[in-house]
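Below is one structure, written out as structure tokens; the observations come after it.
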Amino acid sequence: MLGTDILLHKGMSRVMLPEPFTDRVQPMNIQPAASPLKNQHKYWVRGVNDPSLLQGLKQPLGGIECDVYFDSSIHSFYVYHDSSRMSTIRLDSLLQALQKMQPESGVWLDMKNLEPYYAHDALKEVNRIRDTYHLQERLIIESARPDLLKAFTDSGYYSSYYIPFLNPYQANEDSIVGYIEDVGRLLKEYPSSAVSGYYFQYPLIRKFFPNYPILTWTNDSYVSLVTYSFNRMLKNDEMVKVVLYPVD
């Protein structure tokens with residue numbers, strides 16, 4: 001049964017084993033931006049893009065992650081994951097429902113389309129949202145654009161650079177070295193409060209950017225010895241600040 005469990009969760013099993021990745025580049029002593037985050041606990045829920053999904057969530061909830069697209073024509077955010085399946089749900093409607101049900105929960109905004117020509121307007125709208133829903137120090141702003149994320153960091157938000165996708169267990173050493181150097185260069189130029197990436201990127205981040213808080217997620221909520229051990233590892237790691245789990 002243990003062997004089957006390991007095979008079914010080989011990704012998590014692999015992450016829990018020490019992996020050198022490469023000795024051609026050393027861990028980088030890069031300091032993150034010092035931004036506060038009030039967090040009840042590190043287990044949050046991923047992809048809460050509809051107010052109806054709030055109904056079955058456990059209480060108390062650490063927080064929710066939602067995917068947002070800024071519409072510059074109306075200076076507001078819509079909530080949906082895939083740009084090919086657009087939605088008319090406004091971020092305000094989701095936050096109004098959350099405030100009624102779990103007012104102390106944190107909110108992670110995955111900004112899907114942050115662009116230079118409306119980044120300032122997006123920041124103004126986030127400021128309004130923070131003040132309207134009393135989310136001071138309970139907002140995480142995530143983007144794959146560290147240069148545009150800097151304005152949010154400088155405004156005191158807990159920001160997270162969504163690092164490019166790389167599975168270090170499937171990449172060759174040259175790719176890993178280049179990846180570490182590129183991410184390190186961007187973190188030096190545009191410090192954020194944290195970095196975010198898939199659970200299998202966690203050991204790579206932890207080793208080469210040891211000072212950086214980590215936000216991560218996993219798609220597997222099935223209870224097993226492997227997932228229990230993996231979750232316990234994340235729980236006990238003080239550098240892991242938030243772990244996203246599926247809505248179920």
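Letters A, B, ... go to the chains of the structure tokens in the order shown; residues in each chain start at 1; ligands are counted from 1 in the same order.
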
Legend entry - For A:Leu37: contacts at 8 Å, only C-alpha atoms, fewer than 2 positions along chain excluded, given as a ChimeraX atom specification: /A:35,39,137-140,158

Inset, instruction - Any chance you could list, as a ChimeraX atom specification, the residues in stretch 15-221 of chain A that come up alpha helix (DSSP H) when DSSP is run on the backbone? - result: /A:15,91-101,119-132,146-154,173-189,202-208

Inset, instruction - Would you mind listing what lies within 12 Å of A:Leu186 as a ChimeraX atom specification, with only C-alpha atoms counted and same-chain residues fewer than 2 positions away left out? - result: /A:30,32,144-150,161-164,179-184,188-192,195

I need the chosen residues saved as a tab-separated table (two decimals), in the first residue's frame, with N, CA and C atoms.
chain	number	residue	atom	x	y	z
A	30	ILE	N	19.57	37.32	-1.30
A	30	ILE	CA	18.72	38.43	-1.74
A	30	ILE	C	17.63	38.63	-0.70
A	32	PRO	N	14.06	40.01	0.67
A	32	PRO	CA	12.74	40.38	0.15
A	32	PRO	C	12.31	41.74	0.68
A	144	ALA	N	3.18	37.96	-12.67
A	144	ALA	CA	4.37	37.45	-13.36
A	144	ALA	C	5.24	38.58	-13.88
A	145	ARG	N	4.84	39.83	-13.61
A	145	ARG	CA	5.60	41.01	-14.05
A	145	ARG	C	6.21	41.70	-12.83
A	146	PRO	N	7.40	41.30	-12.42
A	146	PRO	CA	8.01	41.91	-11.22
A	146	PRO	C	8.25	43.41	-11.37
A	147	ASP	N	8.46	43.88	-12.60
A	147	ASP	CA	8.68	45.30	-12.82
A	147	ASP	C	7.42	46.11	-12.50
A	148	LEU	N	6.25	45.58	-12.87
A	148	LEU	CA	4.98	46.26	-12.59
A	148	LEU	C	4.50	46.00	-11.16
A	149	LEU	N	4.94	44.89	-10.60
A	149	LEU	CA	4.58	44.56	-9.23
A	149	LEU	C	5.25	45.51	-8.23
A	150	LYS	N	6.34	46.12	-8.64
A	150	LYS	CA	7.11	46.99	-7.75
A	150	LYS	C	6.28	48.13	-7.18
A	161	TYR	N	6.08	37.61	-6.61
A	161	TYR	CA	6.50	37.41	-7.99
A	161	TYR	C	6.21	35.96	-8.37
A	162	TYR	N	5.31	35.79	-9.34
A	162	TYR	CA	4.96	34.47	-9.85
A	162	TYR	C	6.07	34.07	-10.82
A	163	ILE	N	6.98	33.25	-10.34
A	163	ILE	CA	8.16	32.90	-11.13
A	163	ILE	C	7.76	32.04	-12.33
A	164	PRO	N	8.53	32.12	-13.42
A	164	PRO	CA	8.20	31.34	-14.62
A	164	PRO	C	8.15	29.84	-14.32
A	179	TYR	N	17.87	29.50	-15.31
A	179	TYR	CA	16.63	29.88	-14.62
A	179	TYR	C	16.93	30.57	-13.30
A	180	ILE	N	17.81	29.99	-12.51
A	180	ILE	CA	18.17	30.56	-11.21
A	180	ILE	C	18.78	31.95	-11.39
A	181	GLU	N	19.65	32.09	-12.37
A	181	GLU	CA	20.30	33.38	-12.61
A	181	GLU	C	19.29	34.44	-13.05
A	182	ASP	N	18.34	34.04	-13.92
A	182	ASP	CA	17.33	35.00	-14.40
A	182	ASP	C	16.41	35.45	-13.28
A	183	VAL	N	15.93	34.50	-12.48
A	183	VAL	CA	15.04	34.85	-11.36
A	183	VAL	C	15.79	35.71	-10.36
A	184	GLY	N	17.04	35.35	-10.06
A	184	GLY	CA	17.84	36.12	-9.12
A	184	GLY	C	18.05	37.55	-9.59
A	188	LYS	N	16.68	40.91	-7.55
A	188	LYS	CA	17.58	41.98	-7.13
A	188	LYS	C	17.09	43.33	-7.63
A	189	GLU	N	16.61	43.35	-8.87
A	189	GLU	CA	16.17	44.61	-9.47
A	189	GLU	C	14.79	45.04	-8.97
A	190	TYR	N	13.91	44.05	-8.78
A	190	TYR	CA	12.52	44.35	-8.37
A	190	TYR	C	12.14	43.48	-7.17
A	191	PRO	N	12.63	43.81	-5.98
A	191	PRO	CA	12.31	42.98	-4.81
A	191	PRO	C	10.81	42.91	-4.56
A	192	SER	N	10.33	41.74	-4.22
A	192	SER	CA	8.94	41.53	-3.83
A	192	SER	C	8.92	40.99	-2.40
A	195	VAL	N	7.91	34.95	-3.28
A	195	VAL	CA	7.81	34.37	-4.63
A	195	VAL	C	6.80	33.24	-4.58

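Around A:Ala97, within 9 Å and counting only C-alpha atoms, the residues found are Pro51, Ser52, Leu54, Asp92 and Gln102 of chain A, once anything fewer than 5 positions away on its own chain is removed.
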
Inset, instruction - Name the residues of stretch 29-158 of chain A that fall into strand (DSSP E or B) according to DSSP on the backbone, using the chain letters and numbers of this document, as an NGL selection string. - result: :A and (43-45 or 63-71 or 76-79 or 90 or 106-111 or 139-143 or 158)

Residues from last step as file, C-alpha atoms, as a tab-separated table (two decimals), in the first residue's frame:
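So out-v9.tsv came out as:
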chain	number	residue	atom	x	y	z
A	43	TYR	CA	-3.78	26.90	4.35
A	44	TRP	CA	-5.79	28.89	1.80
A	45	VAL	CA	-8.18	27.87	-0.99
A	63	GLY	CA	-7.78	33.08	2.86
A	64	ILE	CA	-8.84	32.68	-0.75
A	65	GLU	CA	-7.00	33.03	-4.03
A	66	CYS	CA	-8.84	34.41	-7.04
A	67	ASP	CA	-7.87	35.22	-10.61
A	68	VAL	CA	-8.51	38.80	-11.67
A	69	TYR	CA	-8.43	40.72	-14.94
A	70	PHE	CA	-8.37	44.49	-14.90
A	71	ASP	CA	-10.76	46.15	-17.34
A	76	SER	CA	-12.58	47.49	-12.28
A	77	PHE	CA	-11.59	43.83	-11.92
A	78	TYR	CA	-13.43	40.83	-13.31
A	79	VAL	CA	-12.89	37.42	-11.72
A	90	ARG	CA	-16.92	41.50	-10.52
A	106	GLY	CA	-7.04	37.05	3.54
A	107	VAL	CA	-7.35	37.60	-0.21
A	108	TRP	CA	-4.74	36.65	-2.82
A	109	LEU	CA	-5.24	38.48	-6.13
A	110	ASP	CA	-3.59	36.67	-9.03
A	111	MET	CA	-3.35	39.52	-11.55
A	139	LEU	CA	-4.05	41.35	0.59
A	140	ILE	CA	-1.54	39.42	-1.49
A	141	ILE	CA	-0.85	40.88	-4.94
A	142	GLU	CA	0.68	38.37	-7.35
A	143	SER	CA	1.96	38.97	-10.87
A	158	TYR	CA	2.43	42.02	0.32

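Considering the residues A:Glu173, A:Asp154, A:Asp82, A:Asp237 and counting only C-alpha atoms, A:Tyr202 has its shortest atom-to-atom contact with A:Asp237.
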